[in-house]
file entry-v1.pdb (PDB, C-alpha atoms)
ATOM      1  CA  MET A   1       8.453  18.668  26.202
ATOM      2  CA  LEU A   2       7.679  22.354  25.853
ATOM      3  CA  ILE A   3      10.513  24.371  27.393
ATOM      4  CA  THR A   4      12.146  27.777  27.355
ATOM      5  CA  PHE A   5      14.838  28.922  24.948
ATOM      6  CA  GLU A   6      17.363  28.885  27.773
ATOM      7  CA  ALA A   7      16.503  25.298  28.746
ATOM      8  CA  ALA A   8      16.731  24.142  25.125
ATOM      9  CA  SER A   9      20.079  25.875  24.678
ATOM     10  CA  LYS A  10      21.397  24.141  27.795
ATOM     11  CA  MET A  11      20.378  20.725  26.438
ATOM     12  CA  ILE A  12      22.191  21.475  23.176
ATOM     13  CA  THR A  13      25.401  22.580  24.882
ATOM     14  CA  GLU A  14      25.274  19.416  27.014
ATOM     15  CA  GLY A  15      25.563  17.436  23.774
ATOM     16  CA  LYS A  16      22.096  15.903  23.733
ATOM     17  CA  LEU A  17      20.572  14.617  20.475
ATOM     18  CA  LEU A  18      17.422  16.650  19.845
ATOM     19  CA  HIS A  19      14.519  17.416  17.544
ATOM     20  CA  ILE A  20      13.240  20.977  18.105
ATOM     21  CA  ALA A  21      10.101  22.782  16.927
ATOM     22  CA  GLY A  22       9.386  26.456  17.507
ATOM     23  CA  SER A  23       9.335  29.916  16.021
ATOM     24  CA  GLY A  24      11.813  30.561  13.248
ATOM     25  CA  THR A  25      13.275  33.450  15.227
ATOM     26  CA  LEU A  26      14.112  31.255  18.219
ATOM     27  CA  LEU A  27      15.435  28.384  16.124
ATOM     28  CA  GLN A  28      17.958  30.636  14.408
ATOM     29  CA  LYS A  29      19.293  31.851  17.758
ATOM     30  CA  LEU A  30      19.960  28.394  19.208
ATOM     31  CA  PRO A  31      23.589  27.261  19.526
ATOM     32  CA  ARG A  32      25.036  24.707  17.148
ATOM     33  CA  GLY A  33      24.809  21.102  18.211
ATOM     34  CA  SER A  34      23.254  17.720  17.622
ATOM     35  CA  TRP A  35      19.788  18.805  16.509
ATOM     36  CA  ILE A  36      17.472  19.651  13.658
ATOM     37  CA  GLY A  37      14.449  21.923  13.831
ATOM     38  CA  GLY A  38      11.468  23.347  12.017
ATOM     39  CA  SER A  39       9.213  26.373  12.422
ATOM     40  CA  THR A  40       5.797  26.222  14.050
ATOM     41  CA  GLU A  41       4.222  28.097  16.946
ATOM     42  CA  TYR A  42       1.559  25.462  17.617
ATOM     43  CA  PHE A  43       2.071  22.550  19.992
ATOM     44  CA  MET A  44       0.195  19.714  21.642
ATOM     45  CA  THR A  45       1.287  19.024  25.207
ATOM     46  CA  LYS A  46       0.064  16.535  27.778
ATOM     47  CA  ASP A  47      -2.006  19.367  29.260
ATOM     48  CA  GLY A  48      -3.495  20.630  25.998
ATOM     49  CA  GLY A  49      -2.886  22.699  22.907
ATOM     50  CA  VAL A  50      -0.547  25.693  23.154
ATOM     51  CA  ILE A  51       0.303  28.575  20.819
ATOM     52  CA  SER A  52       3.605  30.271  21.672
ATOM     53  CA  ASP A  53       6.511  32.106  20.062
ATOM     54  CA  GLU A  54       8.502  31.987  23.306
ATOM     55  CA  LEU A  55       8.672  28.219  23.930
ATOM     56  CA  LEU A  56      10.223  25.335  22.018
ATOM     57  CA  PHE A  57       9.034  21.741  21.807
ATOM     58  CA  VAL A  58      12.080  19.544  22.330
ATOM     59  CA  THR A  59      12.309  15.782  21.840
ATOM     60  CA  GLU A  60      15.443  14.047  23.114
ATOM     61  CA  PHE A  61      16.752  10.783  21.664
ATOM     62  CA  PRO A  62      19.009   8.411  23.657
ATOM     63  CA  TYR A  63      21.081   7.322  20.669
ATOM     64  CA  GLU A  64      24.760   7.841  19.907
ATOM     65  CA  VAL A  65      25.095   7.078  16.180
ATOM     66  CA  PHE A  66      23.436   9.616  13.874
ATOM     67  CA  PHE A  67      24.035  12.245  11.238
ATOM     68  CA  THR A  68      22.168  15.244   9.858
ATOM     69  CA  LYS A  69      21.899  16.197   6.213
ATOM     70  CA  SER A  70      20.297  18.945   4.152
ATOM     71  CA  TYR A  71      18.387  18.126   0.963
ATOM     72  CA  ASP A  72      17.433  20.277  -1.998
ATOM     73  CA  ALA A  73      15.177  19.586  -4.981
ATOM     74  CA  VAL A  74      17.959  17.580  -6.649
ATOM     75  CA  ASN A  75      18.895  15.140  -3.899
ATOM     76  CA  ILE A  76      15.680  14.858  -1.826
ATOM     77  CA  CYS A  77      15.155  11.578  -3.693
ATOM     78  CA  ASP A  78      18.051  10.133  -1.637
ATOM     79  CA  VAL A  79      16.514  10.771   1.778
ATOM     80  CA  ALA A  80      15.283   7.215   2.375
ATOM     81  CA  ALA A  81      18.346   5.598   0.825
ATOM     82  CA  ASP A  82      20.564   7.614   3.203
ATOM     83  CA  ALA A  83      18.784   6.268   6.290
ATOM     84  CA  PHE A  84      20.334   3.647   8.546
ATOM     85  CA  GLU A  85      19.240   0.077   7.915
ATOM     86  CA  TYR A  86      18.264  -0.398  11.567
ATOM     87  CA  GLY A  87      17.055   3.017  12.611
ATOM     88  CA  PHE A  88      14.671   5.806  11.706
ATOM     89  CA  SER A  89      14.878   9.241  10.130
ATOM     90  CA  ILE A  90      13.024  12.490  10.748
ATOM     91  CA  VAL A  91      12.792  14.851   7.779
ATOM     92  CA  ILE A  92      11.423  18.422   7.967
ATOM     93  CA  LEU A  93      10.483  20.377   4.829
ATOM     94  CA  PRO A  94       9.435  24.056   4.551
ATOM     95  CA  PHE A  95       5.800  24.489   3.548
ATOM     96  CA  ASP A  96       5.115  25.410  -0.086
ATOM     97  CA  SER A  97       8.760  25.112  -1.113
ATOM     98  CA  GLU A  98       9.834  23.280  -4.244
ATOM     99  CA  VAL A  99      11.378  20.495  -2.197
ATOM    100  CA  HIS A 100       8.082  20.090  -0.276
ATOM    101  CA  LYS A 101       6.101  19.719  -3.489
ATOM    102  CA  LEU A 102       8.606  17.355  -5.094
ATOM    103  CA  TYR A 103       8.640  15.133  -2.041
ATOM    104  CA  ALA A 104       4.851  15.079  -1.818
ATOM    105  CA  GLU A 105       4.416  14.122  -5.466
ATOM    106  CA  ASN A 106       7.279  11.623  -5.789
ATOM    107  CA  ALA A 107       8.255  10.150  -2.419
ATOM    108  CA  THR A 108       6.516   6.829  -2.916
ATOM    109  CA  GLY A 109       8.900   6.116  -5.793
ATOM    110  CA  TYR A 110      12.122   7.025  -3.955
ATOM    111  CA  LYS A 111      14.729   4.306  -3.482
ATOM    112  CA  HIS A 112      14.291   2.349  -0.222
ATOM    113  CA  MET A 113      11.057   4.165   0.633
ATOM    114  CA  PHE A 114       8.882   1.921   2.863
ATOM    115  CA  ILE A 115      11.977  -0.229   3.522
ATOM    116  CA  LYS A 116      13.708   2.312   5.754
ATOM    117  CA  HIS A 117      11.717   4.010   8.548
ATOM    118  CA  LEU A 118      10.969   7.606   7.545
ATOM    119  CA  THR A 119       8.827  10.126   9.392
ATOM    120  CA  GLY A 120       8.706  13.909   9.778
ATOM    121  CA  TRP A 121       6.659  16.992   9.060
ATOM    122  CA  ILE A 122       6.144  20.215   7.144
ATOM    123  CA  ALA A 123       7.328  23.425   8.828
ATOM    124  CA  GLY A 124       4.958  26.387   8.855
ATOM    125  CA  VAL A 125       4.191  29.759  10.423
ATOM    126  CA  ASN A 126       1.818  31.387  12.874
ATOM    127  CA  LEU A 127      -1.299  31.939  10.755
ATOM    128  CA  GLY A 128      -2.220  34.997  12.796
ATOM    129  CA  LYS A 129       0.975  36.861  11.955
ATOM    130  CA  THR A 130       2.385  38.383   8.788
ATOM    131  CA  GLY A 131       5.943  38.395   7.496
ATOM    132  CA  GLN A 132       6.903  34.904   8.603
ATOM    133  CA  VAL A 133       8.450  32.322   6.288
ATOM    134  CA  PRO A 134       8.508  28.550   6.966
ATOM    135  CA  LEU A 135      12.047  27.418   7.643
ATOM    136  CA  VAL A 136      14.110  24.473   8.827
ATOM    137  CA  VAL A 137      17.461  24.419  10.602
ATOM    138  CA  ASN A 138      20.369  22.004  10.548
ATOM    139  CA  GLY A 139      21.707  22.459  14.060
ATOM    140  CA  MET A 140      25.029  20.817  13.246
ATOM    141  CA  THR A 141      25.911  23.585  10.789
ATOM    142  CA  GLY A 142      23.695  26.351  12.186
ATOM    143  CA  LYS A 143      22.245  26.976   8.727
ATOM    144  CA  ALA A 144      18.558  27.809   8.239
ATOM    145  CA  PHE A 145      16.742  27.077   4.982
ATOM    146  CA  THR A 146      13.489  28.136   3.362
ATOM    147  CA  ASP A 147      14.159  26.077   0.230
ATOM    148  CA  LYS A 148      15.758  22.889   1.557
ATOM    149  CA  ALA A 149      14.788  20.002   3.815
ATOM    150  CA  VAL A 150      16.791  18.784   6.788
ATOM    151  CA  ALA A 151      16.896  15.231   8.069
ATOM    152  CA  LEU A 152      18.132  13.558  11.230
ATOM    153  CA  HIS A 153      19.171   9.981  10.484
ATOM    154  CA  ILE A 154      19.400   7.846  13.641
ATOM    155  CA  ASP A 155      20.876   4.379  14.068
ATOM    156  CA  VAL A 156      19.052   2.317  16.706
ATOM    157  CA  PRO A 157      21.205  -0.409  18.318
ATOM    158  CA  ASP A 158      20.242  -4.026  18.976
ATOM    159  CA  ARG A 159      17.940  -4.194  15.955
ATOM    160  CA  LYS A 160      14.914  -3.121  17.952
ATOM    161  CA  ALA A 161      11.460  -3.132  16.381
ATOM    162  CA  ILE A 162      10.750   0.318  14.889
ATOM    163  CA  SER A 163       7.318   1.344  13.640
ATOM    164  CA  VAL A 164       6.073   4.500  11.890
ATOM    165  CA  ASN A 165       2.333   4.789  12.518
ATOM    166  CA  ILE A 166      -0.607   7.068  11.745
ATOM    167  CA  ILE A 167      -3.823   7.753  13.610
ATOM    168  CA  ASN A 168      -6.475   8.997  11.227
ATOM    169  CA  ILE A 169      -9.797   9.959  12.795
ATOM    170  CA  PHE A 170     -11.388  10.182   9.347
ATOM    171  CA  GLU A 171     -12.833   7.456   7.186
ATOM    172  CA  GLN A 172     -14.503   7.408   3.804
ATOM    173  CA  ASP A 173     -18.199   8.290   3.744
ATOM    174  CA  MET A 174     -19.520   5.377   1.728
ATOM    175  CA  GLU A 175     -22.571   7.471   0.817
ATOM    176  CA  SER A 176     -20.253   9.941  -0.916
ATOM    177  CA  PRO A 177     -19.752   9.311  -4.632
ATOM    178  CA  GLU A 178     -16.472   7.833  -5.788
ATOM    179  CA  ILE A 179     -14.069  10.557  -6.947
ATOM    180  CA  GLU A 180     -11.178  10.001  -9.356
ATOM    181  CA  PHE A 181      -8.792  12.564 -10.769
ATOM    182  CA  LEU A 182      -7.651  12.938 -14.352
ATOM    183  CA  SER A 183      -4.332  14.516 -13.414
ATOM    184  CA  GLU A 184      -2.027  14.499 -10.411
ATOM    185  CA  GLY A 185      -0.886  17.363  -8.226
ATOM    186  CA  PHE A 186      -1.798  19.949  -5.617
ATOM    187  CA  SER A 187      -4.444  21.559  -7.853
ATOM    188  CA  VAL A 188      -7.194  20.212 -10.135
ATOM    189  CA  THR A 189     -10.009  21.454 -12.318
ATOM    190  CA  GLU A 190     -11.845  18.353 -13.477
ATOM    191  CA  CYS A 191     -12.469  14.941 -11.969
ATOM    192  CA  LEU A 192     -14.700  11.921 -12.404
ATOM    193  CA  ILE A 193     -17.677  11.747 -10.061
ATOM    194  CA  ASP A 194     -18.920   8.163 -10.190
ATOM    195  CA  GLY A 195     -17.327   7.989 -13.627
ATOM    196  CA  LYS A 196     -18.827  11.242 -14.973
ATOM    197  CA  LYS A 197     -16.435  14.077 -15.907
ATOM    198  CA  THR A 198     -17.198  17.047 -13.661
ATOM    199  CA  VAL A 199     -15.690  20.414 -12.755
ATOM    200  CA  PHE A 200     -14.712  19.650  -9.183
ATOM    201  CA  ALA A 201     -15.221  23.205  -7.900
ATOM    202  CA  ASP A 202     -18.777  23.138  -9.234
ATOM    203  CA  TYR A 203     -19.430  19.807  -7.548
ATOM    204  CA  LEU A 204     -18.239  21.155  -4.195
ATOM    205  CA  LYS A 205     -20.406  24.267  -4.504
ATOM    206  CA  ASP A 206     -23.522  22.590  -5.882
ATOM    207  CA  ASN A 207     -23.482  19.941  -3.148
ATOM    208  CA  THR A 208     -22.494  22.269  -0.283
ATOM    209  CA  ILE A 209     -19.503  20.096   0.570
ATOM    210  CA  ASN A 210     -17.834  20.845   3.897
ATOM    211  CA  THR A 211     -14.201  21.324   2.865
ATOM    212  CA  LYS A 212     -13.018  21.227   6.477
ATOM    213  CA  LEU A 213     -13.368  17.497   5.961
ATOM    214  CA  PRO A 214     -10.667  15.914   3.792
ATOM    215  CA  LEU A 215     -10.846  13.658   0.820
ATOM    216  CA  VAL A 216      -9.906  10.138   1.887
ATOM    217  CA  GLY A 217      -8.037   8.001  -0.622
ATOM    218  CA  ASP A 218      -8.251   4.227  -0.579
ATOM    219  CA  TYR A 219      -4.701   2.847  -0.447
ATOM    220  CA  SER A 220      -5.342  -0.907  -0.454
ATOM    221  CA  GLY A 221      -7.863  -0.531   2.353
ATOM    222  CA  ASN A 222      -5.952   2.170   4.260
ATOM    223  CA  GLY A 223      -7.348   5.696   4.312
ATOM    224  CA  VAL A 224      -4.958   8.544   3.447
ATOM    225  CA  ASN A 225      -6.268  12.114   3.725
ATOM    226  CA  VAL A 226      -5.897  14.988   1.289
ATOM    227  CA  SER A 227      -7.021  18.301   2.808
ATOM    228  CA  PHE A 228      -8.600  21.211   0.972
ATOM    229  CA  LYS A 229      -6.645  24.458   0.847
ATOM    230  CA  SER A 230      -8.854  26.724  -1.273
ATOM    231  CA  VAL A 231     -11.199  26.974  -4.232
ATOM    232  CA  GLU A 232     -10.202  29.783  -6.599
ATOM    233  CA  ASP A 233     -11.171  30.617 -10.176
ATOM    234  CA  GLY A 234     -12.633  27.199 -10.821
ATOM    235  CA  ARG A 235      -9.631  25.310  -9.445
ATOM    236  CA  VAL A 236      -9.504  23.281  -6.253
ATOM    237  CA  ASN A 237      -6.222  23.505  -4.352
ATOM    238  CA  PHE A 238      -5.027  20.942  -1.800
ATOM    239  CA  TYR A 239      -2.432  20.682   0.962
ATOM    240  CA  ALA A 240      -1.189  17.407  -0.519
ATOM    241  CA  PRO A 241      -1.297  16.038  -4.062
ATOM    242  CA  VAL A 242      -4.053  13.837  -5.405
ATOM    243  CA  PHE A 243      -3.135  10.894  -7.617
ATOM    244  CA  ALA A 244      -4.788   9.570 -10.739
ATOM    245  CA  ASN A 245      -4.738   5.916  -9.716
ATOM    246  CA  ILE A 246      -6.454   6.366  -6.341
ATOM    247  CA  LYS A 247     -10.196   6.265  -5.625
ATOM    248  CA  TYR A 248     -11.347   8.967  -3.213
ATOM    249  CA  ARG A 249     -14.497   9.768  -1.284
ATOM    250  CA  MET A 250     -15.310  12.622   1.065
ATOM    251  CA  ALA A 251     -14.666  11.914   4.741
ATOM    252  CA  LYS A 252     -17.521  10.984   7.019
ATOM    253  CA  ASP A 253     -18.613  13.948   9.137
ATOM    254  CA  ILE A 254     -17.577  14.091  12.798
ATOM    255  CA  SER A 255     -19.270  16.136  15.504
ATOM    256  CA  ASP A 256     -16.664  16.407  18.286
ATOM    257  CA  TYR A 257     -12.955  16.364  17.419
ATOM    258  CA  GLU A 258     -11.734  16.308  21.027
ATOM    259  CA  GLN A 259     -14.012  13.478  22.105
ATOM    260  CA  LEU A 260     -13.301  11.418  19.001
ATOM    261  CA  PHE A 261      -9.543  11.886  19.361
ATOM    262  CA  ASN A 262      -9.595  10.828  22.988
ATOM    263  CA  ASN A 263     -11.905   7.882  22.323
ATOM    264  CA  ILE A 264      -9.504   6.623  19.660
ATOM    265  CA  LEU A 265      -6.379   7.403  21.691
ATOM    266  CA  ALA A 266      -7.740   5.475  24.674
ATOM    267  CA  ASP A 267      -6.511   2.369  22.883
ATOM    268  CA  PHE A 268      -3.001   3.868  22.814
ATOM    269  CA  LYS A 269      -2.700   4.990  26.434
ATOM    270  CA  ASP A 270       0.245   2.661  27.071
ATOM    271  CA  THR A 271       2.042   3.620  23.847
ATOM    272  CA  GLU A 272       5.466   5.168  24.362
ATOM    273  CA  ALA A 273       6.186   7.206  21.257
ATOM    274  CA  VAL A 274       9.719   8.470  20.688
ATOM    275  CA  PHE A 275       8.358  11.095  18.277
ATOM    276  CA  SER A 276       4.921  12.376  17.280
ATOM    277  CA  CYS A 277       3.277  15.282  15.458
ATOM    278  CA  ASN A 278      -0.296  16.321  14.684
ATOM    279  CA  CYS A 279      -1.842  18.417  11.918
ATOM    280  CA  ILE A 280      -2.616  22.141  12.097
ATOM    281  CA  LEU A 281      -6.034  21.492  10.525
ATOM    282  CA  ASN A 282      -6.946  19.118  13.361
ATOM    283  CA  PHE A 283      -5.772  21.820  15.769
ATOM    284  CA  LEU A 284      -7.820  24.577  14.107
ATOM    285  CA  TYR A 285     -10.967  22.761  13.018
ATOM    286  CA  GLY A 286     -11.108  20.765  16.245
ATOM    287  CA  GLU A 287     -10.460  23.930  18.280
ATOM    288  CA  LEU A 288      -7.789  22.030  20.213
ATOM    289  CA  ASP A 289      -6.127  25.144  21.653
ATOM    290  CA  THR A 290      -6.108  24.500  25.447
ATOM    291  CA  LYS A 291      -8.002  21.206  24.960
ATOM    292  CA  LYS A 292      -6.381  18.065  26.259
ATOM    293  CA  ILE A 293      -5.553  15.242  23.866
ATOM    294  CA  GLU A 294      -4.237  12.213  25.730
ATOM    295  CA  THR A 295      -1.077  10.194  25.101
ATOM    296  CA  PHE A 296       0.731  12.014  22.267
ATOM    297  CA  ALA A 297       2.576  15.336  22.531
ATOM    298  CA  GLY A 298       4.577  17.142  19.884
ATOM    299  CA  PRO A 299       4.573  19.924  17.296
ATOM    300  CA  ILE A 300       1.458  20.903  15.384
ATOM    301  CA  THR A 301       2.496  20.744  11.762
ATOM    302  CA  PHE A 302       1.550  21.842   8.240
ATOM    303  CA  GLY A 303       1.653  18.322   6.864
ATOM    304  CA  GLU A 304       2.855  15.057   8.334
ATOM    305  CA  ILE A 305       5.210  12.457   6.941
ATOM    306  CA  ALA A 306       4.674   8.755   7.443
ATOM    307  CA  TYR A 307       6.885   7.758   4.509
ATOM    308  CA  GLN A 308       4.629   9.786   2.161
ATOM    309  CA  LEU A 309       2.984  13.131   2.909
ATOM    310  CA  VAL A 310      -0.342  12.906   4.764
ATOM    311  CA  ASN A 311      -2.836  15.505   6.054
ATOM    312  CA  GLN A 312      -5.114  15.879   9.085
ATOM    313  CA  THR A 313      -3.303  12.950  10.650
ATOM    314  CA  LEU A 314      -1.379  12.180  13.826
ATOM    315  CA  VAL A 315       1.951  10.471  13.115
ATOM    316  CA  TYR A 316       4.076   8.708  15.722
ATOM    317  CA  VAL A 317       7.121   6.448  15.978
ATOM    318  CA  THR A 318       7.739   3.625  18.439
ATOM    319  CA  VAL A 319      10.954   1.746  19.253
ATOM    320  CA  GLU A 320      10.460  -1.488  21.174
TER     321      GLU A 320
END
call {"tool": "encode", "arguments": {"input": "entry-v1.pdb", "output": "structure tokens"}}
result
Amino acid sequence: MLITFEAASKMITEGKLLHIAGSGTLLQKLPRGSWIGGSTEYFMTKDGGVISDELLFVTEFPYEVFFTKSYDAVNICDVAADAFEYGFSIVILPFDSEVHKLYAENATGYKHMFIKHLTGWIAGVNLGKTGQVPLVVNGMTGKAFTDKAVALHIDVPDRKAISVNIINIFEQDMESPEIEFLSEGFSVTECLIDGKKTVFADYLKDNTINTKLPLVGDYSGNGVNVSFKSVEDGRVNFYAPVFANIKYRMAKDISDYEQLFNNILADFKDTEAVFSCNCILNFLYGELDTKKIETFAGPITFGEIAYQLVNQTLVYVTVE
């Protein structure tokens, strides 16, 4: 729910277990307590998209056994192993930090990844303002970080069924050529286009590729997006890493983000998510500010975590 600073502070002092998203300035003023938080000024509410530096999106959890922990570039590899066996964890990482990049490139190989339930997001800034820095806060200690991640590890009693899910409105355009990369990372120069070595920036320019659409990787039949950040000096930069062993195609074009989202989410109208987040690129490219997206509410984020880092994706968690 999107509430005032005063209302959020009251919930903290009452001892409630919380996840909080909002401006970095507000987060650093909140009292210590049982919470973690990350910076964003974009939100999706039941009534539509909102941009605000005066409100905080607060998610309350009805669980009693938990702990918070901060992670740097050395111990981020332990984040899944630290999670409860019968629970879920929310991890928040500052955008463009070393720990963000390390997690994005290596998370699939971390111990207990995909065995424990791990979700979360990448903290960001208001793109219309200058001077902001993405940050995360460990509410238990009151410390804010621009170079570390924070995680809330929650134990769920009675061995309930927990599921970390994604809703991806994009799919591979099967008329697009198959794209493979010769190296891994957030930035590339060359790739293979249908097996032919090509400068990727030239391919995008020569074929007038709409880079508001992501690349979609084929992960054993599941589509995982990699969004374009920029094309500079012959290099193509992404918001998530590409991998050498994955076959990609451009996403199929869509004409109406809002309608497509709501058509897809109609199948989830009875879903009760305990946590959800949606991507800033969906918010911007779909012009979702003030538009109503049914069912899921939460922070608008600069990358989403459903075990690994994903882009232009809605992520949610259910406990049943």
call {"tool": "residues_around", "arguments": {"input": "entry-v1.pdb", "residues": "Thr59 of chain A", "least_positions_apart": "5", "cutoff": "8 Å", "atoms": "all atoms listed in the file", "output": "ChimeraX atom specification"}}
result
/A:1,18-20,274-275
call {"tool": "residues_around", "arguments": {"input": "entry-v1.pdb", "residues": "segment 176-189 of chain A", "least_positions_apart": "2", "cutoff": "8 Å", "atoms": "all atoms listed in the file", "output": "CSV table (one decimal) with C-alpha atoms, in the coordinates of the input"}}
result
chain,number,residue,atom,x,y,z
A,105,GLU,CA,4.4,14.1,-5.5
A,172,GLN,CA,-14.5,7.4,3.8
A,173,ASP,CA,-18.2,8.3,3.7
A,174,MET,CA,-19.5,5.4,1.7
A,191,CYS,CA,-12.5,14.9,-12.0
A,192,LEU,CA,-14.7,11.9,-12.4
A,193,ILE,CA,-17.7,11.7,-10.1
A,194,ASP,CA,-18.9,8.2,-10.2
A,195,GLY,CA,-17.3,8.0,-13.6
A,199,VAL,CA,-15.7,20.4,-12.8
A,200,PHE,CA,-14.7,19.6,-9.2
A,201,ALA,CA,-15.2,23.2,-7.9
A,234,GLY,CA,-12.6,27.2,-10.8
A,235,ARG,CA,-9.6,25.3,-9.4
A,236,VAL,CA,-9.5,23.3,-6.3
A,237,ASN,CA,-6.2,23.5,-4.4
A,238,PHE,CA,-5.0,20.9,-1.8
A,239,TYR,CA,-2.4,20.7,1.0
A,240,ALA,CA,-1.2,17.4,-0.5
A,241,PRO,CA,-1.3,16.0,-4.1
A,242,VAL,CA,-4.1,13.8,-5.4
A,243,PHE,CA,-3.1,10.9,-7.6
A,244,ALA,CA,-4.8,9.6,-10.7
A,245,ASN,CA,-4.7,5.9,-9.7
A,246,ILE,CA,-6.5,6.4,-6.3
A,247,LYS,CA,-10.2,6.3,-5.6
A,248,TYR,CA,-11.3,9.0,-3.2
A,249,ARG,CA,-14.5,9.8,-1.3
A,250,MET,CA,-15.3,12.6,1.1
call {"tool": "resolve_selection", "arguments": {"input": "entry-v1.pdb", "expression": "the PyMOL selection byres ((chain A and resi 309-316) around 9)", "output": "PyMOL selection string"}}
result
chain A and resi 103-105+107+119-122+163-170+213-214+224-227+239-241+273-283+296+302-308+317-318
call {"tool": "residues_around", "arguments": {"input": "entry-v1.pdb", "residues": "Lys160 of chain A", "least_positions_apart": "2", "cutoff": "7 Å", "atoms": "only C-alpha atoms", "output": "list in words"}}
result
Val156, Pro157, Asp158, Ile162, Val319 and Glu320 of chain A
call {"tool": "closest_residue", "arguments": {"input": "entry-v1.pdb", "among": "A:Val137, A:Val50, A:Val58, A:Leu17", "to": "Lys29 of chain A", "atoms": "all atoms listed in the file"}}
result
A:Val137
call {"tool": "atom_distance", "arguments": {"input": "entry-v1.pdb", "atom1": "atom CA of Lys252 of chain A", "atom2": "atom CA of Lys212 of chain A"}}
result
11.2 Å
call {"tool": "closest_residue", "arguments": {"input": "entry-v1.pdb", "among": "A:Ser230, A:Asn138, A:Asn75, A:Asn222", "to": "Leu204 of chain A", "atoms": "only C-alpha atoms"}}
result
A:Ser230
call {"tool": "resolve_selection", "arguments": {"input": "entry-v1.pdb", "expression": "the PyMOL selection byres ((chain A and resi 257) around 10)", "output": "ChimeraX atom specification"}}
result
/A:169,254-256,258-263,282-283,285-288,293
call {"tool": "atom_distance", "arguments": {"input": "entry-v1.pdb", "atom1": "atom CA of Thr141 of chain A", "atom2": "atom CA of Ser70 of chain A"}}
result
9.9 Å
call {"tool": "closest_residue", "arguments": {"input": "entry-v1.pdb", "among": "A:Asn126, A:Lys111, A:Lys291, A:Lys69", "to": "Gly139 of chain A", "atoms": "all atoms listed in the file"}}
result
A:Lys69
call {"tool": "atom_distance", "arguments": {"input": "entry-v1.pdb", "atom1": "atom CA of Cys77 of chain A", "atom2": "atom CA of Gly109 of chain A"}}
result
8.6 Å
call {"tool": "closest_residue", "arguments": {"input": "entry-v1.pdb", "among": "A:Phe5, A:Tyr203, A:Phe145, A:Phe57", "to": "Thr45 of chain A", "atoms": "only C-alpha atoms"}}
result
A:Phe57
call {"tool": "residues_near_point", "arguments": {"input": "entry-v1.pdb", "point": "(14.3, 3.1, 12.0)", "cutoff": "6 Å", "atoms": "all atoms listed in the file", "output": "VMD selection string"}}
result
chain A and resid 86 to 88 117 162
call {"tool": "resolve_selection", "arguments": {"input": "entry-v1.pdb", "expression": "the PyMOL selection byres ((chain A and resi 91-93) around 9)", "output": "VMD selection string"}}
result
chain A and resid 36 to 38 79 89 to 90 94 to 97 99 to 100 103 118 to 123 134 to 137 146 to 153 305
call {"tool": "residues_around", "arguments": {"input": "entry-v1.pdb", "residues": "Leu56 of chain A", "least_positions_apart": "4", "cutoff": "7 Å", "atoms": "all atoms listed in the file", "output": "list in words"}}
result
Leu2, Ile3, Thr4, Phe5, Ile20, Ala21 and Gly22 of chain A
call {"tool": "write_last_selection", "arguments": {"input": "entry-v1.pdb", "atoms": "C-alpha atoms", "output": "short mmCIF file (atom, residue, chain, number, x, y, z; two decimals), keeping the file's coordinate frame"}}
result
data_model
loop_
_atom_site.label_atom_id
_atom_site.label_comp_id
_atom_site.auth_asym_id
_atom_site.auth_seq_id
_atom_site.Cartn_x
_atom_site.Cartn_y
_atom_site.Cartn_z
CA LEU A 2 7.68 22.35 25.85
CA ILE A 3 10.51 24.37 27.39
CA THR A 4 12.15 27.78 27.36
CA PHE A 5 14.84 28.92 24.95
CA ILE A 20 13.24 20.98 18.10
CA ALA A 21 10.10 22.78 16.93
CA GLY A 22 9.39 26.46 17.51
#
call {"tool": "residues_around", "arguments": {"input": "entry-v1.pdb", "residues": "Tyr42 of chain A", "least_positions_apart": "4", "cutoff": "7 Å", "atoms": "all atoms listed in the file", "output": "short mmCIF file (atom, residue, chain, number, x, y, z; two decimals) with C-alpha atoms, in the coordinates of the input"}}
result
data_model
loop_
_atom_site.label_atom_id
_atom_site.label_comp_id
_atom_site.auth_asym_id
_atom_site.auth_seq_id
_atom_site.Cartn_x
_atom_site.Cartn_y
_atom_site.Cartn_z
CA VAL A 50 -0.55 25.69 23.15
CA ILE A 51 0.30 28.58 20.82
CA SER A 52 3.60 30.27 21.67
CA PRO A 299 4.57 19.92 17.30
CA ILE A 300 1.46 20.90 15.38
#
call {"tool": "closest_residue", "arguments": {"input": "entry-v1.pdb", "among": "A:Glu232, A:Asp78, A:Asp253, A:Asp155", "to": "Glu171 of chain A", "atoms": "all atoms listed in the file"}}
result
A:Asp253
call {"tool": "axis_aligned_box", "arguments": {"input": "entry-v1.pdb", "around": "segment 265-271 of chain A", "padding_each_side": "8 Å", "output": "lines of an AutoDock Vina configuration file"}}
result
center_x = -2.8
center_y = 4.9
center_z = 24.4
size_x = 25.8
size_y = 21.0
size_z = 21.4
